[in-house]
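Asker: The file below is coords.txt, compact mmCIF, C-alpha atoms:
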# COMPACT_ATOMS: atom_id res chain seq x y z
CA MET A 1 0.00 0.00 0.00
CA ARG A 2 1.57 3.26 -1.11
CA ARG A 3 1.63 5.94 1.53
CA ARG A 4 1.74 9.54 0.35
CA LYS A 5 4.86 11.36 1.42
CA VAL A 6 5.41 14.88 2.67
CA GLU A 7 6.88 15.78 -0.72
CA ASP A 8 3.47 15.03 -2.25
CA VAL A 9 1.66 17.72 -0.22
CA MET A 10 4.28 20.28 0.80
CA THR A 11 4.66 23.79 -0.61
CA ARG A 12 7.80 23.67 -2.74
CA GLN A 13 8.28 27.41 -3.33
CA VAL A 14 9.61 28.09 0.15
CA VAL A 15 10.71 31.58 1.22
CA THR A 16 13.82 31.52 3.40
CA VAL A 17 15.76 34.17 5.32
CA ALA A 18 19.29 34.43 6.67
CA GLU A 19 20.22 34.90 10.33
CA GLU A 20 20.95 38.59 9.78
CA THR A 21 17.68 39.34 7.97
CA PRO A 22 16.08 42.34 9.76
CA PHE A 23 12.71 42.15 11.52
CA ILE A 24 10.97 44.43 9.01
CA GLU A 25 12.19 42.42 6.01
CA ILE A 26 10.78 39.23 7.55
CA VAL A 27 7.43 40.94 8.08
CA ASP A 28 7.49 42.17 4.47
CA ALA A 29 8.29 38.67 3.16
CA MET A 30 5.48 37.02 5.11
CA THR A 31 3.00 39.71 4.07
CA GLU A 32 3.98 39.64 0.40
CA HIS A 33 3.79 35.85 0.09
CA HIS A 34 0.83 35.37 2.46
CA ILE A 35 2.72 32.88 4.64
CA HIS A 36 2.95 32.32 8.39
CA ALA A 37 6.54 31.11 8.77
CA VAL A 38 9.96 31.29 7.11
CA PRO A 39 12.86 28.85 7.61
CA VAL A 40 16.19 30.39 8.56
CA VAL A 41 19.22 29.06 6.67
CA GLY A 42 22.87 29.25 7.67
CA GLN A 43 25.85 30.06 5.48
CA ASP A 44 26.03 26.44 4.31
CA GLY A 45 22.42 26.58 3.13
CA GLN A 46 21.13 24.20 5.81
CA VAL A 47 18.00 24.98 7.83
CA ILE A 48 18.99 26.13 11.32
CA GLY A 49 15.71 27.58 12.61
CA ILE A 50 12.28 28.93 11.82
CA VAL A 51 10.54 32.27 12.41
CA THR A 52 6.74 32.27 12.66
CA ASP A 53 4.21 35.07 12.75
CA ALA A 54 3.75 34.27 16.46
CA ASP A 55 7.44 35.10 17.02
CA LEU A 56 6.96 38.46 15.27
CA LEU A 57 3.90 39.31 17.35
CA ARG A 58 5.92 39.08 20.57
CA LYS A 59 6.84 42.76 20.08
CA GLN A 60 3.21 43.76 20.48
CA GLU A 61 2.32 41.10 23.04
CA TYR A 62 5.03 42.04 25.55
CA LYS A 63 4.87 45.81 25.37
CA ASP A 64 2.62 45.94 28.42
CA THR A 65 2.30 42.71 30.40
CA ALA A 66 1.83 41.88 34.05
CA ALA A 67 4.78 40.56 36.02
CA PRO A 68 5.05 36.73 36.08
CA ARG A 69 3.91 35.09 39.33
CA THR A 70 5.48 31.62 39.11
CA LEU A 71 8.90 30.26 38.14
CA LEU A 72 7.45 28.65 35.00
CA GLU A 73 5.78 31.92 34.01
CA LEU A 74 9.07 33.73 34.65
CA LEU A 75 11.00 31.39 32.33
CA ARG A 76 8.39 31.71 29.60
CA HIS A 77 8.32 35.47 30.08
CA ARG A 78 12.07 35.77 29.71
CA ARG A 79 12.12 33.69 26.50
CA ALA A 80 9.23 35.67 25.04
CA GLN A 81 10.79 38.99 26.05
CA ALA A 82 14.03 37.98 24.35
CA LYS A 83 12.10 37.48 21.10
CA ALA A 84 10.17 40.69 21.67
CA GLY A 85 13.46 42.57 21.78
CA ALA A 86 14.96 40.81 18.75
CA VAL A 87 15.82 42.84 15.66
CA ASP A 88 16.71 40.04 13.23
CA ALA A 89 16.04 36.37 12.43
CA ARG A 90 18.86 35.25 14.72
CA GLY A 91 17.01 36.54 17.77
CA LEU A 92 13.52 35.67 16.57
CA MET A 93 13.95 32.11 15.38
CA SER A 94 13.24 28.89 17.20
CA SER A 95 16.42 26.85 17.03
CA PRO A 96 17.56 24.15 16.53
CA ALA A 97 14.96 23.70 13.82
CA VAL A 98 12.52 20.80 13.93
CA THR A 99 12.52 19.65 10.32
CA VAL A 100 10.71 16.99 8.33
CA PRO A 101 12.43 14.81 5.70
CA ALA A 102 10.84 15.10 2.27
CA ASP A 103 10.33 11.32 2.14
CA ALA A 104 8.57 11.12 5.53
CA THR A 105 5.02 9.77 5.46
CA ILE A 106 2.05 11.99 6.18
CA ALA A 107 1.48 10.16 9.47
CA GLU A 108 5.11 10.65 10.58
CA ALA A 109 4.94 14.37 9.83
CA ALA A 110 1.61 14.75 11.63
CA ARG A 111 3.01 13.06 14.75
CA LEU A 112 6.09 15.32 14.65
CA LEU A 113 4.03 18.51 14.48
CA ALA A 114 1.68 17.29 17.21
CA ARG A 115 4.56 16.29 19.50
CA HIS A 116 6.16 19.73 19.30
CA GLY A 117 2.92 21.72 19.10
CA PHE A 118 3.88 23.28 15.75
CA LYS A 119 1.56 24.41 12.96
CA GLN A 120 4.24 24.03 10.28
CA ALA A 121 7.78 22.75 9.79
CA PRO A 122 10.51 23.15 7.16
CA VAL A 123 10.97 20.19 4.83
CA VAL A 124 14.59 19.29 4.08
CA ASP A 125 16.44 17.10 1.61
CA THR A 126 19.09 14.55 2.56
CA ASP A 127 21.69 17.34 2.94
CA GLY A 128 19.54 19.40 5.31
CA HIS A 129 18.81 22.04 2.68
CA PRO A 130 15.26 23.45 2.42
CA ALA A 131 13.02 21.57 0.01
CA GLY A 132 9.72 23.12 1.06
CA ILE A 133 7.46 23.72 4.02
CA VAL A 134 4.54 21.64 5.28
CA THR A 135 1.59 22.77 7.39
CA ARG A 136 -1.17 21.04 9.30
CA ALA A 137 -3.57 21.98 6.50
CA ASP A 138 -1.32 20.22 3.97
CA LEU A 139 -1.35 17.03 6.04
CA LEU A 140 -5.15 17.07 6.25
CA ARG A 141 -5.45 16.86 2.46
CA VAL A 142 -5.38 13.06 2.65
CA PHE A 143 -8.91 13.24 4.04
CA LEU A 144 -10.10 14.96 0.87
CA ARG A 145 -9.80 11.74 -1.16
CA SER A 146 -13.01 10.69 -2.86
CA ASP A 147 -15.00 7.81 -1.40
CA ASP A 148 -14.60 5.91 -4.68
CA ASP A 149 -10.80 6.18 -4.52
CA ILE A 150 -10.77 4.87 -0.96
CA ARG A 151 -13.12 2.01 -1.84
CA ASP A 152 -11.07 1.00 -4.88
CA GLU A 153 -7.83 0.96 -2.88
CA ILE A 154 -9.29 -1.19 -0.11
CA ILE A 155 -10.63 -3.71 -2.62
CA ARG A 156 -7.51 -3.80 -4.76
CA GLU A 157 -4.69 -3.47 -2.26
CA VAL A 158 -6.20 -4.82 0.97
CA LEU A 159 -8.60 -7.56 -0.05
CA VAL A 160 -6.91 -8.81 -3.20
CA ASP A 161 -3.18 -8.01 -2.90
CA ARG A 162 -2.66 -8.36 0.84
CA LEU A 163 -5.28 -10.88 2.00
CA TRP A 164 -5.91 -12.84 -1.23
CA GLN A 165 -9.60 -12.56 -0.49
CA ASP A 166 -12.24 -12.92 -3.19
CA PRO A 167 -13.59 -9.34 -3.40
CA SER A 168 -17.05 -10.62 -4.29
CA THR A 169 -17.43 -12.02 -0.76
CA VAL A 170 -16.87 -8.71 1.06
CA ALA A 171 -18.83 -5.55 0.24
CA VAL A 172 -16.95 -2.28 0.78
CA HIS A 173 -19.07 0.82 1.15
CA VAL A 174 -17.52 4.24 1.83
CA GLN A 175 -19.36 7.43 2.71
CA ASP A 176 -17.60 10.62 3.84
CA GLY A 177 -14.49 8.58 4.58
CA VAL A 178 -16.30 6.09 6.84
CA VAL A 179 -15.86 2.51 5.65
CA GLN A 180 -18.51 -0.21 6.09
CA LEU A 181 -17.37 -3.81 5.55
CA THR A 182 -19.99 -6.54 5.21
CA GLY A 183 -19.81 -10.15 4.08
CA ARG A 184 -17.77 -13.27 4.76
CA VAL A 185 -14.06 -13.99 4.96
CA GLU A 186 -12.37 -17.37 4.88
CA ARG A 187 -10.88 -17.32 8.39
CA ARG A 188 -11.87 -15.58 11.60
CA SER A 189 -8.33 -14.32 12.17
CA MET A 190 -8.58 -12.27 8.96
CA ILE A 191 -11.25 -9.96 10.39
CA PRO A 192 -9.05 -7.83 12.71
CA VAL A 193 -6.34 -7.72 10.02
CA LEU A 194 -8.84 -6.51 7.41
CA ILE A 195 -10.15 -3.83 9.77
CA ARG A 196 -6.63 -2.64 10.62
CA LEU A 197 -5.52 -2.43 6.98
CA ALA A 198 -8.72 -0.68 5.93
CA ALA A 199 -8.32 1.85 8.75
CA ALA A 200 -4.71 2.48 7.66
CA THR A 201 -5.82 3.43 4.15
CA GLU A 202 -5.24 7.13 3.58
CA GLY A 203 -8.38 9.21 3.86
CA VAL A 204 -10.27 6.73 6.05
CA VAL A 205 -12.01 8.37 9.00
CA ASN A 206 -13.42 5.25 10.65
CA VAL A 207 -14.24 1.60 9.93
CA HIS A 208 -17.40 -0.33 10.79
CA GLU A 209 -17.84 -4.02 10.07
CA LEU A 210 -20.49 -6.70 9.94
CA LEU A 211 -18.36 -9.67 8.97
CA TYR A 212 -18.63 -13.38 9.57
CA TYR A 213 -16.25 -16.20 8.74
CA LYS A 214 -16.17 -19.60 7.13
CA HIS A 215 -13.57 -21.22 9.41
CA ASP A 216 -12.67 -20.37 13.00
CA ASP A 217 -8.90 -20.69 13.12
CA THR A 218 -8.60 -18.98 16.51
CA ILE A 219 -9.54 -22.16 18.42
CA PRO A 220 -6.68 -24.66 18.61
CA GLU A 221 -7.54 -28.12 17.40
CA SER A 222 -7.76 -30.86 20.04
CA TYR A 223 -4.87 -33.26 20.16
CA ARG A 224 -5.71 -36.68 18.84
CA ARG A 225 -5.60 -39.43 21.40
CA VAL A 226 -3.22 -42.29 20.73
What would the structure in this file look like if it were written as structure tokens?

Answerer:
Amino acid sequence: MRRRKVEDVMTRQVVTVAEETPFIEIVDAMTEHHIHAVPVVGQDGQVIGIVTDADLLRKQEYKDTAAPRTLLELLRHRRAQAKAGAVDARGLMSSPAVTVPADATIAEAARLLARHGFKQAPVVDTDGHPAGIVTRADLLRVFLRSDDDIRDEIIREVLVDRLWQDPSTVAVHVQDGVVQLTGRVERRSMIPVLIRLAAATEGVVNVHELLYYKHDDTIPESYRRV
């Protein structure tokens, strides 16, 4: 089963800045290109950080704030104030950069963004150079697949190619990404495998089943008495 990669959904025309790029130039670049983040590249062309619109807004956010009351608030306040006082990408960026390989799967990229709480991440090639940028919205595109495409893939790649199951014995119905499996499989042990593979198909929101089996291979056969 082919899994779409980050390179299939990322924005390839990525706007980058250098460490010494001034604050105003970064604002201009984001405004001109209607983007929310720019990767920062070092002298060797590798991605070393990222500046987001949230980093730029620190200047407004921390002009008039109440004093922090806890140690955790104090640490956050100091980091935010440092960005609020920054004048170039070097002071604004989050570094080291959390990057995504271009050949990472959609699921791997989604887990990476979720783990770090990011809305976007630079995509890099094997040398660490920028190849694009991927956002949460890009990763959600897999759920825009048509129901017919999802149904065809489950029949072709799950039932036939992976399970060697006669597709005429299992009906696959898909509506709004929700898969309904009905019919009969050869062995009982195939049911959880079929459900798992169907659920792993890109674009599937949920799987429901009403399946029965011809042979129960989950019960060990009794030993013959000698």

Asker: Between A:Thr21, A:Val170, A:Asp176, A:Gly203, which has the minimum distance to Asp88 of chain A (counting all atoms listed in the file)?

Answerer: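 Once distances to Asp88 of chain A are computed over all atoms listed in the file, the minimum belongs to A:Thr21.
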
Asker: What's the 10 Å shell around segment 2-13 of chain A, counting all atoms listed in the file, without same-chain residues fewer than 4 positions away, as number ranges by chain?

Answerer: A: 100-110, 121-125, 130-135, 137-142, 153, 157, 200-202

Asker: What is the atom CA of Val15 of chain A to atom CA of Val41 of chain A distance in Å?

Answerer: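 If I compute the distance from atom CA of Val15 of chain A to atom CA of Val41 of chain A, I get 10.4 Å.
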
Asker: Skipping near chain neighbours, those fewer than 4 positions away, what residues fall within 6 Å of Thr182 of chain A using only C-alpha atoms, listed as JSON, numbers by chain?

Answerer: {"A": [170, 171, 209, 210, 211]}

Asker: One decimal, in Å: what's the spacing between atom CA of Phe143 of chain A and atom CA of Arg196 of chain A?

Answerer: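 Separating atom CA of Phe143 of chain A from atom CA of Arg196 of chain A is a distance of 17.3 Å.
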
Asker: Quick one: of A:Ala86, A:Val17, A:Val27, A:Val160, who's nearest to Gly45 of chain A, counting all atoms listed in the file?

Answerer: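 Of A:Ala86, A:Val17, A:Val27, A:Val160, the one nearest Gly45 of chain A, counting all atoms listed in the file, is A:Val17.
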
Asker: Determine the nearest neighbour of Ala89 of chain A from the options A:Leu197, A:Val40, A:Val47, A:Leu57, counting only C-alpha atoms.

Answerer: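 Looking only at the distances to Ala89 of chain A, the closest residue turns out to be A:Val40.
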
Asker: Separation of atom CA of Leu159 of chain A and atom CA of Leu144 of chain A, in Å?

Answerer: 22.6 Å

Asker: For Pro22 of chain A, which residue among A:Gly42, A:Pro192, A:Gly91, A:Pro167 is the nearest when counting all atoms listed in the file?

Answerer: A:Gly91

Asker: Between A:Asp44, A:Ala198, A:Ile35, A:Lys214, which has the minimum distance to Arg184 of chain A (counting all atoms listed in the file)?

Answerer: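 Smallest separation from Arg184 of chain A among the options: A:Lys214.
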
Asker: With all atoms listed in the file as the atoms that count, which of A:Ile24, A:Pro220, A:Asp55, A:Leu163 lies nearest to Ile195 of chain A?

Answerer: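 So, comparing all the options, the nearest one is A:Leu163.
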
Asker: With N, CA and C atoms as the target, complete segment 109-129 of chain A and hand it back as a short mmCIF file (atom, residue, chain, number, x, y, z; two decimals), in the coordinates of the input.

Answerer:
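So selection-v3.cif came out as:
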data_model
loop_
_atom_site.label_atom_id
_atom_site.label_comp_id
_atom_site.auth_asym_id
_atom_site.auth_seq_id
_atom_site.Cartn_x
_atom_site.Cartn_y
_atom_site.Cartn_z
N ALA A 109 4.90 12.92 9.73
CA ALA A 109 4.94 14.37 9.83
C ALA A 109 3.88 14.90 10.79
N ALA A 110 2.69 14.32 10.74
CA ALA A 110 1.61 14.75 11.63
C ALA A 110 1.99 14.51 13.09
N ARG A 111 2.59 13.35 13.37
CA ARG A 111 3.01 13.06 14.75
C ARG A 111 4.09 14.02 15.21
N LEU A 112 5.01 14.39 14.29
CA LEU A 112 6.09 15.32 14.65
C LEU A 112 5.53 16.69 15.00
N LEU A 113 4.62 17.21 14.19
CA LEU A 113 4.03 18.51 14.48
C LEU A 113 3.24 18.47 15.78
N ALA A 114 2.48 17.40 15.99
CA ALA A 114 1.68 17.29 17.21
C ALA A 114 2.58 17.21 18.45
N ARG A 115 3.67 16.47 18.35
CA ARG A 115 4.56 16.29 19.50
C ARG A 115 5.20 17.60 19.94
N HIS A 116 5.51 18.46 18.98
CA HIS A 116 6.16 19.73 19.30
C HIS A 116 5.19 20.90 19.36
N GLY A 117 3.92 20.65 19.05
CA GLY A 117 2.92 21.72 19.10
C GLY A 117 3.09 22.76 18.01
N PHE A 118 3.64 22.35 16.85
CA PHE A 118 3.88 23.28 15.75
C PHE A 118 2.74 23.24 14.74
N LYS A 119 2.55 24.35 14.03
CA LYS A 119 1.56 24.41 12.96
C LYS A 119 2.21 24.15 11.60
N GLN A 120 3.52 24.27 11.51
CA GLN A 120 4.24 24.03 10.28
C GLN A 120 5.68 23.67 10.59
N ALA A 121 6.37 23.10 9.61
CA ALA A 121 7.78 22.75 9.79
C ALA A 121 8.47 22.79 8.43
N PRO A 122 9.76 23.19 8.42
CA PRO A 122 10.51 23.15 7.16
C PRO A 122 10.72 21.70 6.71
N VAL A 123 10.68 21.50 5.42
CA VAL A 123 10.97 20.19 4.83
C VAL A 123 12.38 20.26 4.24
N VAL A 124 13.20 19.26 4.53
CA VAL A 124 14.59 19.29 4.08
C VAL A 124 14.92 18.07 3.24
N ASP A 125 15.95 18.24 2.39
CA ASP A 125 16.44 17.10 1.61
C ASP A 125 17.47 16.34 2.44
N THR A 126 18.15 15.39 1.83
CA THR A 126 19.09 14.55 2.56
C THR A 126 20.30 15.32 3.08
N ASP A 127 20.56 16.51 2.51
CA ASP A 127 21.69 17.34 2.94
C ASP A 127 21.28 18.40 3.96
N GLY A 128 20.00 18.41 4.35
CA GLY A 128 19.54 19.40 5.31
C GLY A 128 19.18 20.73 4.69
N HIS A 129 19.16 20.81 3.36
CA HIS A 129 18.81 22.04 2.68
C HIS A 129 17.29 22.12 2.52
#
